[in-house]
Amino acid sequence: QKEVEQDPGPLSVPEGAIVSLNCTYSNSAFQYFMWYRQYSRKGPELLMYTYSSGNKEDGRFTAQVDKSSKYISLFIRDSQPSDSATYLCAMSSNTGGFKTIFGAGTRLFVKA
Amino acid sequence: EAGVTQFPSHSVIEKGQTVTLRCDPISGHDNLYWYRRVMGKEIKFLLHFVKESKQDESGMPNNRFLAERTGGTYSTLKVQPAELEDSGVYFCASSQTRDFQNTGELFFGEGSRLTVL
């Protein structure tokens, strides 16, 4: 079993739609939960960060962490064509030197 | 401020040859990570340096891979001899521990794409 499971998609939505992206994980030691966005031929860039459980909102983006279910989500409201990218969930703990483990990434296409 | 830079951006070599990838982290970042993405798979951890010391090299596939970080600055990842299954994109990332605890952020380079024929 992989430490982090993420549906690779692709996911295609019309402009303006609400997008929901999810990951599950198995390691209960994870405390740091991140979402990265990666455009083609570029490196991943941090989009959202949550420590432990709870919600965090930043503009059109909302990240949720449910540690009891080992489930994290990213919601994108009013999606735009410029949101088309690969979204990677990532997790880390302070044991083992903050090694960050990534999901497979979900490819998102937002059609104008 | 310069970001993480990686060289070369793309390398095409034949099976059995040697390739060396280089990563220059953000100045002052003690943590340096190597990751690899093979086609269709997740970005997989290879190893982690803290300054010049290897903190964790549990993800290194086998002894054909050698990573170094002399003087705690730039790092190199050498593959010798390269095999077909080594093809993929090799990413380098850096962070400062204190900042990571507050932001969770790894700063990635654009990757070095390796094609082994």
# chains A, B, ... in the order shown; residues from 1 in each chain; ligands from 1
call {"tool": "residues_around", "arguments": {"residues": "Ile101 (chain A)", "least_positions_apart": "6", "cutoff": "8 Å", "atoms": "only C-alpha atoms", "output": "count of residues only"}}
result
7
call {"tool": "residues_around", "arguments": {"residues": "Lys51 (chain B)", "least_positions_apart": "6", "cutoff": "7 Å", "atoms": "only C-alpha atoms", "output": "PyMOL selection string"}}
result
chain B and resi 30-31+72
call {"tool": "select_by_dssp", "arguments": {"residues": "region 6-95 of chain A", "states": "strand (DSSP E)", "output": "JSON, numbers by chain"}}
result
{"A": [6, 11, 12, 13, 14, 19, 20, 21, 22, 23, 24, 25, 32, 33, 34, 35, 36, 37, 38, 45, 46, 47, 48, 49, 50, 51, 54, 55, 56, 57, 58, 61, 62, 63, 64, 65, 66, 71, 72, 73, 74, 75, 76, 85, 86, 87, 88, 89, 90, 91, 92]}
call {"tool": "atom_distance", "arguments": {"atom1": "CA of Ser11 (chain B)", "atom2": "CA of Glu110 (chain B)"}}
result
13.7 Å
call {"tool": "interface_residues", "arguments": {"of": "chain A", "to": "chain B", "cutoff": "12 Å", "atoms": "only C-alpha atoms", "output": "ChimeraX atom specification"}}
result
/A:2-10,30-52,86-107
call {"tool": "write_last_selection", "arguments": {"atoms": "N, CA and C atoms", "output": "short mmCIF file (atom, residue, chain, number, x, y, z; two decimals), in the first residue's frame"}}
result
data_model
loop_
_atom_site.label_atom_id
_atom_site.label_comp_id
_atom_site.auth_asym_id
_atom_site.auth_seq_id
_atom_site.Cartn_x
_atom_site.Cartn_y
_atom_site.Cartn_z
N LYS A 2 0.53 2.19 -0.90
CA LYS A 2 1.29 3.43 -0.93
C LYS A 2 0.98 4.25 0.30
N GLU A 3 1.95 5.06 0.73
CA GLU A 3 1.71 5.94 1.88
C GLU A 3 0.67 6.99 1.58
N VAL A 4 0.65 7.47 0.34
CA VAL A 4 -0.29 8.51 -0.06
C VAL A 4 -0.97 8.08 -1.35
N GLU A 5 -2.28 8.09 -1.37
CA GLU A 5 -3.05 7.71 -2.55
C GLU A 5 -3.76 8.92 -3.12
N GLN A 6 -3.63 9.09 -4.43
CA GLN A 6 -4.27 10.23 -5.09
C GLN A 6 -4.70 9.78 -6.48
N ASP A 7 -5.93 10.05 -6.83
CA ASP A 7 -6.45 9.71 -8.15
C ASP A 7 -5.77 10.58 -9.19
N PRO A 8 -5.09 9.99 -10.19
CA PRO A 8 -4.34 10.79 -11.16
C PRO A 8 -5.19 11.51 -12.19
N GLY A 9 -6.50 11.20 -12.24
CA GLY A 9 -7.37 11.84 -13.21
C GLY A 9 -7.11 11.28 -14.61
N PRO A 10 -7.26 12.09 -15.69
CA PRO A 10 -7.45 13.53 -15.62
C PRO A 10 -8.88 13.93 -15.25
N PHE A 30 1.99 11.79 10.02
CA PHE A 30 2.02 13.01 9.21
C PHE A 30 1.33 14.15 9.95
N GLN A 31 2.00 15.31 9.96
CA GLN A 31 1.45 16.48 10.65
C GLN A 31 1.34 17.68 9.69
N TYR A 32 2.16 17.68 8.66
CA TYR A 32 2.20 18.80 7.73
C TYR A 32 1.57 18.34 6.42
N PHE A 33 0.60 19.10 5.97
CA PHE A 33 -0.16 18.71 4.78
C PHE A 33 -0.12 19.85 3.78
N MET A 34 0.31 19.54 2.57
CA MET A 34 0.51 20.56 1.56
C MET A 34 -0.18 20.18 0.26
N TRP A 35 -0.49 21.17 -0.50
CA TRP A 35 -0.91 21.00 -1.89
C TRP A 35 0.05 21.81 -2.76
N TYR A 36 0.61 21.14 -3.74
CA TYR A 36 1.49 21.79 -4.70
C TYR A 36 0.79 21.81 -6.06
N ARG A 37 1.13 22.80 -6.86
CA ARG A 37 0.63 22.90 -8.23
C ARG A 37 1.84 22.84 -9.14
N GLN A 38 1.70 22.05 -10.19
CA GLN A 38 2.81 21.91 -11.13
C GLN A 38 2.31 22.12 -12.55
N TYR A 39 2.90 23.11 -13.22
CA TYR A 39 2.63 23.33 -14.62
C TYR A 39 3.60 22.49 -15.44
N SER A 40 3.23 22.27 -16.69
CA SER A 40 4.04 21.41 -17.55
C SER A 40 5.46 21.93 -17.66
N ARG A 41 6.42 21.04 -17.52
CA ARG A 41 7.84 21.33 -17.66
C ARG A 41 8.38 22.26 -16.57
N LYS A 42 7.64 22.38 -15.47
CA LYS A 42 8.09 23.21 -14.35
C LYS A 42 8.18 22.36 -13.09
N GLY A 43 8.82 22.90 -12.06
CA GLY A 43 8.83 22.22 -10.79
C GLY A 43 7.56 22.53 -10.00
N PRO A 44 7.21 21.67 -9.03
CA PRO A 44 6.03 21.94 -8.20
C PRO A 44 6.21 23.22 -7.39
N GLU A 45 5.09 23.93 -7.19
CA GLU A 45 5.10 25.13 -6.36
C GLU A 45 4.03 24.99 -5.28
N LEU A 46 4.38 25.41 -4.07
CA LEU A 46 3.44 25.29 -2.95
C LEU A 46 2.22 26.16 -3.19
N LEU A 47 1.06 25.55 -2.97
CA LEU A 47 -0.20 26.26 -3.12
C LEU A 47 -0.87 26.50 -1.76
N MET A 48 -0.95 25.45 -0.97
CA MET A 48 -1.63 25.54 0.33
C MET A 48 -0.87 24.69 1.35
N TYR A 49 -0.92 25.14 2.60
CA TYR A 49 -0.26 24.42 3.70
C TYR A 49 -1.18 24.41 4.91
N THR A 50 -1.32 23.24 5.52
CA THR A 50 -2.10 23.12 6.74
C THR A 50 -1.31 22.29 7.74
N TYR A 51 -1.25 22.77 8.95
CA TYR A 51 -0.60 22.00 10.00
C TYR A 51 -1.68 21.29 10.81
N SER A 52 -1.55 19.98 10.93
CA SER A 52 -2.49 19.13 11.65
C SER A 52 -3.87 19.22 11.02
N THR A 86 -1.23 20.17 -12.86
CA THR A 86 -1.27 18.96 -12.03
C THR A 86 -1.20 19.38 -10.57
N TYR A 87 -2.10 18.84 -9.76
CA TYR A 87 -2.16 19.18 -8.33
C TYR A 87 -1.67 17.98 -7.53
N LEU A 88 -0.66 18.23 -6.71
CA LEU A 88 -0.03 17.16 -5.93
C LEU A 88 -0.29 17.38 -4.45
N CYS A 89 -0.84 16.38 -3.78
CA CYS A 89 -0.89 16.47 -2.33
C CYS A 89 0.47 15.98 -1.80
N ALA A 90 0.83 16.50 -0.64
CA ALA A 90 2.12 16.14 -0.05
C ALA A 90 2.00 16.18 1.47
N MET A 91 2.78 15.35 2.13
CA MET A 91 2.69 15.25 3.59
C MET A 91 4.05 15.01 4.18
N SER A 92 4.17 15.44 5.44
CA SER A 92 5.46 15.31 6.10
C SER A 92 5.25 15.21 7.60
N SER A 93 6.27 14.76 8.29
CA SER A 93 6.24 14.75 9.74
C SER A 93 7.61 15.19 10.25
N ASN A 94 7.69 15.51 11.52
CA ASN A 94 8.98 15.97 12.04
C ASN A 94 9.86 14.81 12.48
N THR A 95 9.41 13.59 12.23
CA THR A 95 10.31 12.46 12.40
C THR A 95 10.95 12.19 11.05
N GLY A 96 12.15 11.72 11.03
CA GLY A 96 12.80 11.42 9.76
C GLY A 96 13.19 12.64 8.97
N GLY A 97 13.39 13.76 9.65
CA GLY A 97 13.93 14.92 8.96
C GLY A 97 12.99 15.61 8.01
N PHE A 98 11.70 15.59 8.28
CA PHE A 98 10.72 16.31 7.47
C PHE A 98 10.71 15.82 6.03
N LYS A 99 10.91 14.52 5.84
CA LYS A 99 10.81 13.98 4.49
C LYS A 99 9.39 14.19 3.99
N THR A 100 9.25 14.76 2.81
CA THR A 100 7.94 15.03 2.23
C THR A 100 7.59 13.94 1.24
N ILE A 101 6.41 13.37 1.41
CA ILE A 101 5.92 12.30 0.53
C ILE A 101 4.81 12.88 -0.32
N PHE A 102 4.86 12.57 -1.61
CA PHE A 102 3.90 13.12 -2.56
C PHE A 102 2.91 12.07 -3.06
N GLY A 103 1.71 12.54 -3.36
CA GLY A 103 0.77 11.72 -4.10
C GLY A 103 1.14 11.74 -5.58
N ALA A 104 0.42 10.95 -6.37
CA ALA A 104 0.74 10.83 -7.79
C ALA A 104 0.40 12.08 -8.58
N GLY A 105 -0.46 12.94 -8.01
CA GLY A 105 -0.86 14.15 -8.72
C GLY A 105 -2.11 13.93 -9.54
N THR A 106 -3.01 14.91 -9.55
CA THR A 106 -4.22 14.88 -10.37
C THR A 106 -4.11 15.93 -11.45
N ARG A 107 -4.24 15.51 -12.71
CA ARG A 107 -4.21 16.47 -13.81
C ARG A 107 -5.59 17.10 -13.96
#
call {"tool": "residues_around", "arguments": {"residues": "Gly28 (chain B)", "least_positions_apart": "2", "cutoff": "9 Å", "atoms": "only C-alpha atoms", "output": "PyMOL selection string"}}
result
chain B and resi 25-26+30+73+95-96
call {"tool": "write_last_selection", "arguments": {"atoms": "N, CA, C and O atoms", "output": "mmCIF file, in the first residue's frame"}}
result
data_model
loop_
_atom_site.group_PDB
_atom_site.id
_atom_site.type_symbol
_atom_site.label_atom_id
_atom_site.label_comp_id
_atom_site.auth_asym_id
_atom_site.auth_seq_id
_atom_site.Cartn_x
_atom_site.Cartn_y
_atom_site.Cartn_z
ATOM 1 N N PRO B 25 20.982 24.839 -4.595
ATOM 2 C CA PRO B 25 19.801 25.211 -3.783
ATOM 3 C C PRO B 25 19.757 26.713 -3.551
ATOM 4 O O PRO B 25 20.684 27.446 -3.923
ATOM 5 N N ILE B 26 18.704 27.161 -2.931
ATOM 6 C CA ILE B 26 18.615 28.562 -2.535
ATOM 7 C C ILE B 26 19.664 28.809 -1.456
ATOM 8 O O ILE B 26 19.819 27.988 -0.525
ATOM 9 N N ASP B 30 19.667 24.780 4.377
ATOM 10 C CA ASP B 30 20.456 23.647 4.840
ATOM 11 C C ASP B 30 19.963 22.320 4.270
ATOM 12 O O ASP B 30 20.726 21.389 4.094
ATOM 13 N N THR B 73 26.883 23.076 -0.048
ATOM 14 C CA THR B 73 26.283 24.033 -0.992
ATOM 15 C C THR B 73 25.562 23.275 -2.093
ATOM 16 O O THR B 73 24.497 22.707 -1.844
ATOM 17 N N SER B 95 15.090 23.646 1.415
ATOM 18 C CA SER B 95 14.286 24.322 2.445
ATOM 19 C C SER B 95 15.185 24.678 3.622
ATOM 20 O O SER B 95 16.303 24.163 3.767
ATOM 21 N N GLN B 96 14.670 25.568 4.467
ATOM 22 C CA GLN B 96 15.301 25.864 5.740
ATOM 23 C C GLN B 96 14.372 25.280 6.798
ATOM 24 O O GLN B 96 13.164 25.530 6.749
#
